[in-house]
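final_14.cif (mmCIF, C-alpha atoms)
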data_upload
loop_
_atom_site.label_atom_id
_atom_site.label_comp_id
_atom_site.auth_asym_id
_atom_site.auth_seq_id
_atom_site.Cartn_x
_atom_site.Cartn_y
_atom_site.Cartn_z
CA MET B 1 18.49 2.59 20.41
CA THR B 2 16.37 1.72 23.40
CA VAL B 3 16.12 -2.03 23.20
CA ASP B 4 17.45 -2.76 26.67
CA CYS B 5 14.21 -4.07 28.03
CA PRO B 6 14.06 -7.75 27.14
CA LYS B 7 11.58 -8.82 29.79
CA PRO B 8 7.95 -9.73 29.19
CA GLY B 9 5.62 -6.85 29.88
CA CYS B 10 8.03 -4.25 28.56
CA PRO B 11 6.19 -1.23 27.14
CA LEU B 12 8.33 -0.86 24.00
CA PRO B 13 6.48 -3.18 21.52
CA ARG B 14 3.16 -1.81 22.69
CA LEU B 15 4.46 1.73 22.21
CA LEU B 16 5.72 0.90 18.71
CA TRP B 17 2.36 -0.65 17.87
CA TRP B 18 0.57 2.52 19.00
CA ILE B 19 2.94 4.62 16.89
CA ALA B 20 2.23 2.38 13.89
CA CYS B 21 -1.48 2.61 14.61
CA ILE B 22 -1.41 6.41 14.74
CA VAL B 23 0.68 6.59 11.56
CA CYS B 24 -1.85 4.34 9.77
CA ILE B 25 -4.82 6.43 10.94
CA VAL B 26 -3.10 9.66 9.89
CA ALA B 27 -2.26 8.13 6.49
CA ILE B 28 -5.84 6.94 5.93
CA ALA B 29 -7.35 10.25 7.04
CA GLY B 30 -4.96 12.11 4.75
CA GLY B 31 -5.81 9.78 1.86
CA ILE B 32 -9.53 10.34 2.30
CA GLY B 33 -8.79 14.05 2.53
CA ILE B 34 -7.25 13.87 -0.95
CA THR B 35 -9.82 11.63 -2.64
CA GLY B 36 -12.82 13.12 -0.80
CA GLY B 37 -14.37 9.77 0.03
CA PRO B 38 -16.72 7.49 -1.94
CA GLN B 39 -19.34 10.13 -2.80
CA SER B 40 -16.76 12.52 -4.19
CA GLN B 41 -15.12 9.64 -6.10
CA ARG B 42 -18.47 8.91 -7.77
CA LEU B 43 -18.80 12.52 -8.90
CA LYS B 44 -15.22 12.50 -10.17
CA ASN B 45 -15.91 9.37 -12.20
CA GLN B 46 -18.99 10.99 -13.69
CA ASP B 47 -16.90 13.98 -14.74
CA LEU B 48 -14.29 11.65 -16.18
CA GLU B 49 -16.99 10.06 -18.32
CA ARG B 50 -18.21 13.52 -19.38
CA VAL B 51 -14.71 14.47 -20.46
CA ASN B 52 -14.34 11.16 -22.34
CA ARG B 53 -17.56 11.80 -24.23
CA LEU B 54 -16.57 15.37 -25.04
CA GLN B 55 -13.24 14.11 -26.34
CA SER B 56 -14.95 11.59 -28.63
CA LEU B 57 -17.35 14.33 -29.72
CA SER B 58 -14.60 16.77 -30.61
CA GLN B 59 -12.81 14.07 -32.61
CA ALA B 60 -16.03 13.30 -34.47
CA ILE B 61 -16.65 16.98 -35.15
CA GLU B 62 -13.16 17.41 -36.52
CA GLN B 63 -13.49 14.36 -38.73
CA PHE B 64 -16.80 15.71 -39.99
CA ALA B 65 -15.23 19.09 -40.70
CA VAL B 66 -12.36 17.50 -42.64
CA GLN B 67 -14.79 15.48 -44.78
CA HIS B 68 -17.33 18.27 -45.41
CA ARG B 69 -15.05 21.30 -45.26
CA ARG B 70 -17.46 22.85 -42.75
CA LEU B 71 -18.46 22.39 -39.14
CA PRO B 72 -21.66 20.45 -38.35
CA GLU B 73 -24.61 22.69 -37.56
CA ASN B 74 -25.67 20.64 -34.59
CA LEU B 75 -24.73 17.42 -32.88
CA ASP B 76 -27.56 15.41 -34.43
CA GLU B 77 -25.95 15.97 -37.80
CA LEU B 78 -23.02 13.89 -36.51
CA THR B 79 -25.15 10.83 -35.79
CA ARG B 80 -26.58 10.94 -39.29
CA GLU B 81 -23.04 10.66 -40.63
CA GLU B 82 -22.58 6.90 -41.04
CA THR B 83 -18.83 6.96 -41.54
CA LEU B 84 -18.29 8.36 -38.01
CA TYR B 85 -19.81 5.31 -36.25
CA LEU B 86 -20.91 7.55 -33.41
CA ALA B 87 -23.08 6.07 -30.67
CA PRO B 88 -25.96 8.47 -29.91
CA SER B 89 -25.23 8.15 -26.18
CA ILE B 90 -21.95 10.05 -26.72
CA LEU B 91 -23.98 13.19 -27.39
CA THR B 92 -25.60 13.23 -23.97
CA ASP B 93 -24.52 13.86 -20.42
CA PRO B 94 -24.03 10.49 -18.65
CA VAL B 95 -26.08 11.53 -15.62
CA SER B 96 -28.72 14.05 -16.73
CA ARG B 97 -29.07 12.40 -20.19
CA LYS B 98 -29.41 15.86 -21.73
CA GLN B 99 -27.50 16.64 -24.89
CA PHE B 100 -24.23 18.55 -24.48
CA THR B 101 -24.29 22.15 -25.69
CA TYR B 102 -22.52 22.66 -29.02
CA MET B 103 -21.81 26.16 -30.31
CA PRO B 104 -20.24 26.42 -33.78
CA GLN B 105 -18.64 29.69 -34.86
CA ALA B 106 -16.75 30.77 -37.95
CA ASN B 107 -13.60 28.76 -37.50
CA ARG B 108 -13.95 27.47 -34.00
CA TYR B 109 -16.52 25.76 -31.87
CA ARG B 110 -17.32 25.25 -28.21
CA LEU B 111 -18.59 22.23 -26.28
CA CYS B 112 -20.25 22.81 -22.91
CA ALA B 113 -21.25 20.55 -20.05
CA VAL B 114 -22.22 20.88 -16.41
CA PHE B 115 -19.49 19.35 -14.24
CA ALA B 116 -19.83 18.11 -10.67
CA THR B 117 -16.23 18.60 -9.53
CA ASN B 118 -13.34 20.97 -10.02
CA THR B 119 -10.28 19.47 -11.70
CA GLN B 120 -8.36 22.66 -12.35
CA PRO B 121 -4.88 22.62 -10.81
CA ARG B 122 -4.26 24.84 -7.85
CA GLN B 123 -1.22 26.28 -9.60
CA GLU B 124 -0.60 27.41 -13.15
CA ALA B 125 0.41 24.36 -15.16
CA ASP B 126 3.53 24.22 -17.29
CA HIS B 127 3.40 24.54 -21.05
CA GLN B 128 3.93 20.83 -21.57
CA ALA B 129 0.68 20.16 -19.78
CA ARG B 130 -1.36 22.52 -21.95
CA GLU B 131 -3.18 19.79 -23.89
CA GLU B 132 -4.09 18.16 -20.58
CA TYR B 133 -5.05 21.52 -19.09
CA LYS B 134 -7.59 22.05 -21.85
CA TRP B 135 -9.69 19.21 -20.42
CA THR B 136 -9.71 20.45 -16.84
CA HIS B 137 -12.85 22.16 -15.64
CA PRO B 138 -14.29 24.08 -12.69
CA ARG B 139 -17.45 22.97 -10.96
CA GLY B 140 -20.69 23.90 -12.74
CA LYS B 141 -21.26 24.85 -16.36
CA HIS B 142 -18.05 25.06 -18.36
CA CYS B 143 -17.27 25.38 -22.06
CA ILE B 144 -14.18 24.11 -23.87
CA ALA B 145 -13.17 25.98 -27.02
CA PHE B 146 -11.62 24.20 -30.03
CA ASP B 147 -10.10 25.43 -33.27
CA ALA B 148 -11.75 23.95 -36.34
CA PRO B 149 -9.45 22.03 -38.71
CA TYR B 150 -7.53 24.38 -41.02
CA ASN B 151 -9.06 23.22 -44.31
CA ILE B 152 -12.68 24.25 -43.72
CA ASN B 153 -14.31 27.09 -45.63
CA ARG B 154 -13.90 30.05 -43.34
CA ARG B 155 -17.52 31.08 -43.61
CA GLU B 156 -20.30 31.34 -41.12
CA PRO B 157 -22.17 28.03 -40.94
CA SER B 158 -24.78 27.86 -43.66
CA PRO B 159 -28.14 29.42 -42.70
CA ARG B 160 -30.61 27.05 -41.14
CA MET J 1 13.39 -26.05 18.91
CA SER J 2 17.13 -26.34 19.25
CA LYS J 3 18.39 -29.55 17.68
CA GLU J 4 21.49 -29.84 19.88
CA LEU J 5 19.44 -29.47 23.01
CA GLN J 6 17.04 -32.18 21.90
CA THR J 7 19.89 -34.55 20.99
CA PHE J 8 21.66 -33.92 24.27
CA ILE J 9 18.54 -34.70 26.29
CA GLU J 10 17.78 -37.81 24.23
CA ARG J 11 21.29 -39.24 24.69
CA SER J 12 21.29 -38.47 28.40
CA LEU J 13 17.97 -40.21 28.87
CA GLU J 14 19.22 -43.24 26.94
CA ARG J 15 22.15 -43.52 29.32
CA GLY J 16 19.83 -43.46 32.28
CA VAL J 17 20.59 -39.99 33.59
CA GLU J 18 17.90 -38.68 35.94
CA LYS J 19 15.65 -35.96 34.53
CA ASP J 20 16.53 -33.60 37.40
CA VAL J 21 20.22 -34.04 36.75
CA ILE J 22 19.80 -33.30 33.06
CA ARG J 23 17.79 -30.22 33.89
CA ASP J 24 20.32 -28.87 36.40
CA THR J 25 23.21 -29.49 34.02
CA LEU J 26 21.49 -27.64 31.18
CA VAL J 27 20.36 -24.74 33.32
CA ALA J 28 23.87 -24.38 34.69
CA SER J 29 25.17 -24.09 31.13
CA GLY J 30 22.76 -21.34 30.25
CA TRP J 31 19.56 -22.94 28.97
CA SER J 32 16.23 -21.73 30.18
CA GLY J 33 14.59 -24.07 32.70
CA LYS J 34 11.25 -23.62 30.94
CA VAL J 35 12.64 -24.75 27.61
CA VAL J 36 14.38 -27.78 29.15
CA ASP J 37 11.23 -28.79 31.04
CA LYS J 38 9.22 -28.55 27.88
CA ILE J 39 11.54 -30.92 26.04
CA LEU J 40 11.80 -33.33 28.98
CA MET J 41 8.02 -33.51 29.03
CA GLN J 42 8.07 -35.05 25.59
CA TYR J 43 9.81 -38.17 26.92
CA ALA J 44 7.53 -40.22 29.08
CA GLY J 45 8.56 -43.85 28.74
CA ILE J 46 9.95 -45.94 31.64
CA SER J 47 11.58 -49.29 30.99
CA ALA J 48 11.01 -52.55 32.88
CA GLN J 49 14.20 -51.91 34.87
CA GLY J 50 12.84 -48.57 35.99
CA LEU J 51 15.04 -46.71 33.53
CA VAL J 52 13.71 -43.74 31.68
CA ILE J 53 13.74 -44.37 27.94
CA PRO J 54 13.15 -41.60 25.46
CA ALA J 55 9.66 -42.21 24.11
CA PRO J 56 8.81 -39.17 22.04
CA ARG J 57 5.34 -37.82 22.56
CA MET J 58 3.30 -36.99 19.52
CA GLN J 59 4.23 -33.58 18.14
CA SER J 60 1.62 -31.28 16.72
CA HIS J 61 2.10 -29.96 13.22
CA GLN J 62 4.38 -27.33 14.64
CA ILE J 63 6.32 -26.43 11.52
CA ALA J 64 3.26 -26.11 9.30
CA GLN J 65 1.48 -24.03 11.90
CA ASP J 66 4.49 -21.77 12.41
CA LEU J 67 4.92 -21.36 8.68
CA PHE J 68 1.29 -20.32 8.35
CA LEU J 69 1.39 -17.81 11.21
CA TYR J 70 4.76 -16.25 10.46
CA LEU J 71 4.36 -16.13 6.69
CA LEU J 72 0.95 -14.52 7.05
CA SER J 73 2.27 -11.95 9.51
CA LEU J 74 5.23 -11.24 7.21
CA VAL J 75 2.88 -10.61 4.28
CA THR J 76 0.35 -8.51 6.21
CA LEU J 77 3.19 -6.50 7.73
CA GLY J 78 4.63 -5.89 4.26
CA ILE J 79 1.26 -4.83 2.84
CA THR J 80 0.66 -2.46 5.73
CA ALA J 81 4.12 -0.91 5.49
CA PHE J 82 3.95 -0.36 1.73
CA ALA J 83 0.38 0.96 1.80
CA THR J 84 1.19 3.38 4.62
CA GLY J 85 4.24 4.54 2.70
CA SER J 86 2.30 5.13 -0.49
CA LEU J 87 -0.44 7.03 1.36
CA LEU J 88 2.11 9.28 3.04
CA PHE J 89 3.84 9.79 -0.34
CA ALA J 90 0.50 10.86 -1.82
CA GLN J 91 0.06 13.25 1.09
CA ILE J 92 3.48 14.76 0.48
CA ASN J 93 2.73 15.15 -3.25
CA HIS J 94 -0.52 16.82 -2.31
CA LEU J 95 0.95 19.23 0.23
CA LEU J 96 4.22 20.07 -1.50
CA VAL J 97 3.02 20.64 -5.06
CA ASP J 98 5.62 20.43 -7.77
CA PRO J 99 4.38 22.81 -10.50
CA THR J 100 5.73 20.65 -13.32
CA LEU J 101 3.82 17.64 -12.01
CA ALA J 102 0.62 19.36 -10.87
CA MET J 103 -1.52 17.65 -13.48
CA ARG J 104 -0.17 14.16 -12.98
CA ASP J 105 -0.65 14.19 -9.21
CA ARG J 106 -4.38 14.48 -9.65
CA GLN J 107 -4.67 11.01 -11.14
CA ASN J 108 -3.56 9.09 -8.06
CA ASP J 109 -6.99 8.61 -6.52
CA TRP J 110 -7.18 4.95 -7.41
CA SER J 111 -3.86 4.08 -5.76
CA ILE J 112 -4.91 6.01 -2.65
CA ASN J 113 -8.17 4.04 -2.42
CA LEU J 114 -6.24 0.80 -2.87
CA ALA J 115 -3.77 1.71 -0.12
CA ILE J 116 -6.55 2.63 2.32
CA ALA J 117 -8.27 -0.70 1.68
CA GLU J 118 -4.96 -2.57 2.11
CA ILE J 119 -4.30 -0.99 5.51
CA LEU J 120 -7.87 -1.55 6.71
CA ILE J 121 -7.62 -5.25 5.91
CA ALA J 122 -3.96 -6.05 6.60
CA PHE J 123 -3.18 -4.05 9.74
CA PRO J 124 -5.91 -5.51 12.01
CA LEU J 125 -5.02 -8.98 10.72
CA TYR J 126 -1.32 -8.38 11.44
CA THR J 127 -2.16 -7.11 14.93
CA TRP J 128 -4.27 -10.17 15.63
CA LEU J 129 -1.49 -12.47 14.42
CA ALA J 130 1.13 -10.66 16.52
CA VAL J 131 -1.04 -10.91 19.64
CA HIS J 132 -1.75 -14.58 18.92
CA ILE J 133 1.93 -15.40 18.42
CA GLY J 134 2.86 -13.34 21.48
CA ARG J 135 0.46 -15.28 23.72
CA ASP J 136 1.58 -18.55 22.18
CA VAL J 137 5.28 -18.05 22.95
CA GLU J 138 4.36 -16.72 26.39
CA ARG J 139 2.53 -19.97 27.15
CA SER J 140 5.10 -22.32 25.61
CA PRO J 141 8.50 -20.61 25.67
CA GLN J 142 10.19 -23.41 23.69
CA LYS J 143 8.40 -22.07 20.62
CA ARG J 144 10.78 -19.13 20.72
CA GLU J 145 13.36 -21.59 19.48
CA SER J 146 11.29 -22.46 16.41
CA LEU J 147 13.37 -22.36 13.24
CA ILE J 148 10.55 -20.79 11.24
CA ARG J 149 10.19 -18.05 13.83
CA LYS J 150 13.91 -17.30 13.71
CA LEU J 151 13.97 -17.30 9.91
CA MET J 152 10.99 -14.97 9.58
CA ILE J 153 12.18 -12.54 12.24
CA TYR J 154 15.63 -12.31 10.69
CA LEU J 155 14.12 -11.99 7.22
CA ILE J 156 12.05 -9.02 8.40
CA LEU J 157 15.12 -7.54 10.10
CA VAL J 158 17.18 -7.88 6.93
CA ILE J 159 14.49 -6.39 4.68
CA SER J 160 13.87 -3.40 6.94
CA ALA J 161 17.61 -2.82 7.45
CA ILE J 162 18.27 -2.93 3.70
CA THR J 163 15.39 -0.52 3.11
CA ALA J 164 16.73 1.92 5.66
CA ILE J 165 20.29 1.69 4.29
CA GLY J 166 19.13 2.13 0.69
CA ASP J 167 17.05 5.09 1.77
CA LEU J 168 20.01 6.79 3.42
CA ILE J 169 22.17 6.13 0.34
CA ALA J 170 19.49 7.69 -1.89
CA VAL J 171 19.32 10.79 0.33
CA LEU J 172 23.08 11.18 0.31
CA THR J 173 23.25 10.74 -3.48
CA GLN J 174 20.55 13.35 -3.97
CA LEU J 175 22.34 15.69 -1.58
CA LEU J 176 25.66 15.27 -3.37
CA SER J 177 24.08 16.02 -6.75
CA GLY J 178 22.65 19.21 -5.26
CA GLU J 179 19.07 18.21 -5.97
CA MET J 180 17.74 17.92 -2.46
CA THR J 181 14.14 19.06 -2.42
CA LEU J 182 11.72 19.17 0.48
CA ARG J 183 9.54 16.63 -1.33
CA PHE J 184 12.37 14.15 -1.61
CA LEU J 185 13.53 14.67 1.96
CA ALA J 186 10.02 14.17 3.33
CA LYS J 187 9.58 10.93 1.37
CA ALA J 188 12.99 9.66 2.51
CA LEU J 189 11.98 10.37 6.12
CA VAL J 190 8.77 8.38 5.64
CA VAL J 191 10.69 5.34 4.36
CA LEU J 192 13.28 5.60 7.13
CA GLY J 193 10.58 5.96 9.79
CA ILE J 194 8.57 2.94 8.69
CA SER J 195 11.59 0.67 8.32
CA LEU J 196 12.98 1.76 11.70
CA ILE J 197 9.71 1.06 13.52
CA ILE J 198 9.66 -2.47 12.07
CA PHE J 199 13.39 -3.03 12.68
CA ILE J 200 13.28 -1.99 16.34
CA PHE J 201 10.12 -4.00 16.95
CA TYR J 202 11.72 -7.23 15.72
CA LEU J 203 15.15 -6.50 17.15
CA TYR J 204 13.36 -6.38 20.47
CA GLU J 205 11.75 -9.76 19.75
CA VAL J 206 15.17 -11.27 19.06
CA LYS J 207 16.56 -9.85 22.30
CA LYS J 208 13.59 -11.25 24.19
CA ASP J 209 14.11 -14.69 22.63
CA ASP J 210 17.80 -14.65 23.54
CA ALA J 211 17.13 -13.40 27.03
CA LEU J 212 14.68 -16.18 27.75
CA VAL J 213 17.11 -18.90 26.76
CA ARG J 214 19.89 -17.37 28.84
CA GLU J 215 17.82 -16.06 31.71
CA ARG J 216 19.45 -18.33 34.32
CA LEU J 217 22.96 -17.59 33.18
CA VAL J 218 23.27 -14.17 34.82
#
Would you encode the structure as structure tokens?
Amino acid sequence: MTVDCPKPGCPLPRLLWWIACIVCIVAIAGGIGITGGPQSQRLKNQDLERVNRLQSLSQAIEQFAVQHRRLPENLDELTREETLYLAPSILTDPVSRKQFTYMPQANRYRLCAVFATNTQPRQEADHQAREEYKWTHPRGKHCIAFDAPYNINRREPSPR
Amino acid sequence: MSKELQTFIERSLERGVEKDVIRDTLVASGWSGKVVDKILMQYAGISAQGLVIPAPRMQSHQIAQDLFLYLLSLVTLGITAFATGSLLFAQINHLLVDPTLAMRDRQNDWSINLAIAEILIAFPLYTWLAVHIGRDVERSPQKRESLIRKLMIYLILVISAITAIGDLIAVLTQLLSGEMTLRFLAKALVVLGISLIIFIFYLYEVKKDDALVRERLV
């Protein structure tokens, strides 16, 4: 260890400070590289809110399907259902305020939204993470598919 | 300030020893002339018989001030070190992706933002404190003998040494269990690096303190 310089004006503490300074700058730059900075954080939070709303929506849809033995025809039908206690704001995108796209099919349904960021992992996720993986999304319009609860009548939704 | 030194000077003055004699005696036994002068300056009284009597000058609130400066620099140093470590850990997680953890790593944004903010606040403050303390002890070398200063420096030395030792033990344990991964090794290096920088920095401070007190001995 090079500590044999115990006179004032020795360059060692200054050198160590510069090393610490460089390490801090590298660490901060790397951190911003990961988070993407404030603007990107805002977009990520918006997407987080979108995913939260879609999760509440899919729970409400499934509850509806269990009670009525069929899928709702559209999202507005959910708000008319008093037992779901669903806030109408859940149906809409938090930024554009447009309603999410809902596409019912025979025994499955899809929920779509326009996302601002990509949250899909760079590598294939393990099986344990599958439930989590379902809620990841690329940038732009993306649909998430769900299986309807098992006890519904396996018919096409009733004609409008 | 060294208690023995103070007592010695006080007693000598009481017995009427000349200031110059006291100074020469102390310097000959290894004390720094600057430190001795500083203490002698605190005694200014002269008796009716022309004898010097130890009349202590008013002391500033040295201990409280030292406690403030050194405690604050200890805390800001700790915040900086931990935040830097956690940022570098996040970088390692980001660069060396572990497939089983790929999903979890994405949720660390908040801790990264916190760490960046911590460094931006704590590191400049620590630097300012270190410069301030450095100038202070340069101007009045007897402050190097401050008990608070000694305690804080040795506390930092002990903490960084324990961190480095624990880090090495963890690496060796991991190695012996055959589970050494690049991720783990990189993180261990980060911890070792940070604790070594701090340890060497303060070890140097200790050597400087010691050297100043014994500068006339060699």
### Query
From the list B:Leu15, B:Leu91, B:Leu111, B:Ile28, which residue is nearest chain J when using all atoms listed in the file?
B:Ile28
Step by step, work through what the PyMOL selection byres ((chain J) within 6 of (chain B)) selects in the shown file, and finish by giving those residues as a short mmCIF file (atom, residue, chain, number, x, y, z; two decimals) with C-alpha atoms, in the frame of the given file.
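Once written, selection_6.cif looks like this:
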data_model
loop_
_atom_site.label_atom_id
_atom_site.label_comp_id
_atom_site.auth_asym_id
_atom_site.auth_seq_id
_atom_site.Cartn_x
_atom_site.Cartn_y
_atom_site.Cartn_z
CA LEU J 87 -0.44 7.03 1.36
CA LEU J 88 2.11 9.28 3.04
CA THR J 100 5.73 20.65 -13.32
CA ASP J 109 -6.99 8.61 -6.52
CA ILE J 112 -4.91 6.01 -2.65
CA ILE J 116 -6.55 2.63 2.32
CA PHE J 201 10.12 -4.00 16.95
CA TYR J 204 13.36 -6.38 20.47
CA LYS J 207 16.56 -9.85 22.30
CA LYS J 208 13.59 -11.25 24.19
#
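Straight-line separation from atom CA of J:Leu77 to atom CA of J:Val171: 24.8 Å.
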Could you list as a PDB file with C-alpha atoms, in the frame of the given file every residue that has an atom within 12 Å of (5.1, -13.2, 7.4), using the file's coordinates and counting only C-alpha atoms?
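Final output, part-v4.pdb:
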ATOM      1  CA  ASP J  66       4.490 -21.770  12.410  1.00  0.00           C
ATOM      2  CA  LEU J  67       4.920 -21.360   8.680  1.00  0.00           C
ATOM      3  CA  PHE J  68       1.290 -20.320   8.350  1.00  0.00           C
ATOM      4  CA  LEU J  69       1.390 -17.810  11.210  1.00  0.00           C
ATOM      5  CA  TYR J  70       4.760 -16.250  10.460  1.00  0.00           C
ATOM      6  CA  LEU J  71       4.360 -16.130   6.690  1.00  0.00           C
ATOM      7  CA  LEU J  72       0.950 -14.520   7.050  1.00  0.00           C
ATOM      8  CA  SER J  73       2.270 -11.950   9.510  1.00  0.00           C
ATOM      9  CA  LEU J  74       5.230 -11.240   7.210  1.00  0.00           C
ATOM     10  CA  VAL J  75       2.880 -10.610   4.280  1.00  0.00           C
ATOM     11  CA  THR J  76       0.350  -8.510   6.210  1.00  0.00           C
ATOM     12  CA  LEU J  77       3.190  -6.500   7.730  1.00  0.00           C
ATOM     13  CA  GLY J  78       4.630  -5.890   4.260  1.00  0.00           C
ATOM     14  CA  ILE J  79       1.260  -4.830   2.840  1.00  0.00           C
ATOM     15  CA  THR J  80       0.660  -2.460   5.730  1.00  0.00           C
ATOM     16  CA  ALA J 122      -3.960  -6.050   6.600  1.00  0.00           C
ATOM     17  CA  LEU J 125      -5.020  -8.980  10.720  1.00  0.00           C
ATOM     18  CA  TYR J 126      -1.320  -8.380  11.440  1.00  0.00           C
ATOM     19  CA  LEU J 129      -1.490 -12.470  14.420  1.00  0.00           C
ATOM     20  CA  ALA J 130       1.130 -10.660  16.520  1.00  0.00           C
ATOM     21  CA  ILE J 133       1.930 -15.400  18.420  1.00  0.00           C
ATOM     22  CA  ILE J 148      10.550 -20.790  11.240  1.00  0.00           C
ATOM     23  CA  ARG J 149      10.190 -18.050  13.830  1.00  0.00           C
ATOM     24  CA  LYS J 150      13.910 -17.300  13.710  1.00  0.00           C
ATOM     25  CA  LEU J 151      13.970 -17.300   9.910  1.00  0.00           C
ATOM     26  CA  MET J 152      10.990 -14.970   9.580  1.00  0.00           C
ATOM     27  CA  ILE J 153      12.180 -12.540  12.240  1.00  0.00           C
ATOM     28  CA  TYR J 154      15.630 -12.310  10.690  1.00  0.00           C
ATOM     29  CA  LEU J 155      14.120 -11.990   7.220  1.00  0.00           C
ATOM     30  CA  ILE J 156      12.050  -9.020   8.400  1.00  0.00           C
ATOM     31  CA  LEU J 157      15.120  -7.540  10.100  1.00  0.00           C
ATOM     32  CA  ILE J 159      14.490  -6.390   4.680  1.00  0.00           C
TER      33      ILE J 159
END
### Task
Could you please give me, as a ChimeraX atom specification, the residues of protein, DNA or RNA lying at most 9 Å from (-24.9, 14.1, -18.0) in the coordinate frame of the file, considering only C-alpha atoms?
/B:46-47,49-50,92-100,113-115
### Message
For a test of reading the model, state the distance in Å between atom CA of J:Lys187 and atom CA of J:Val158, rounded to one decimal.
### Response
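Separating atom CA of J:Lys187 from atom CA of J:Val158 is a distance of 21.0 Å.
As for atom CA of J:Ile198 and atom CA of J:Arg144, they are spaced 18.8 Å apart.
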### Query
Of the residues J:Ile162, J:Leu95, J:Tyr43, J:Asn113, which is the one nearest to J:Glu14, using only C-alpha atoms?
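Once distances to J:Glu14 are computed over only C-alpha atoms, the minimum belongs to J:Tyr43.
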### Closest of B:Cys143, B:Ser89, B:Thr79, B:Trp18 to B:Thr101 - atom-to-atom distances counting all atoms listed in the file
B:Cys143
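With distances restricted to all atoms listed in the file, B:Tyr85 is the closest residue to B:Gln59 from B:Tyr85, B:Arg139, B:Asn45, B:Cys112.
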### Message
I need the output of the PyMOL selection byres ((chain J and resi 4) around 12) for this file as an MDAnalysis selection string; which residues are they?
### Response
chainID J and resid 1:3 5:11 26 31 36 39 145
### Message
Between J:Ala83, J:Glu205, J:Ala28, J:Ser12, which residue has the minimum interatomic distance to J:Ile119, considering all atoms listed in the file?
### Response
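Ranking J:Ala83, J:Glu205, J:Ala28, J:Ser12 by distance to J:Ile119, first place goes to J:Ala83.
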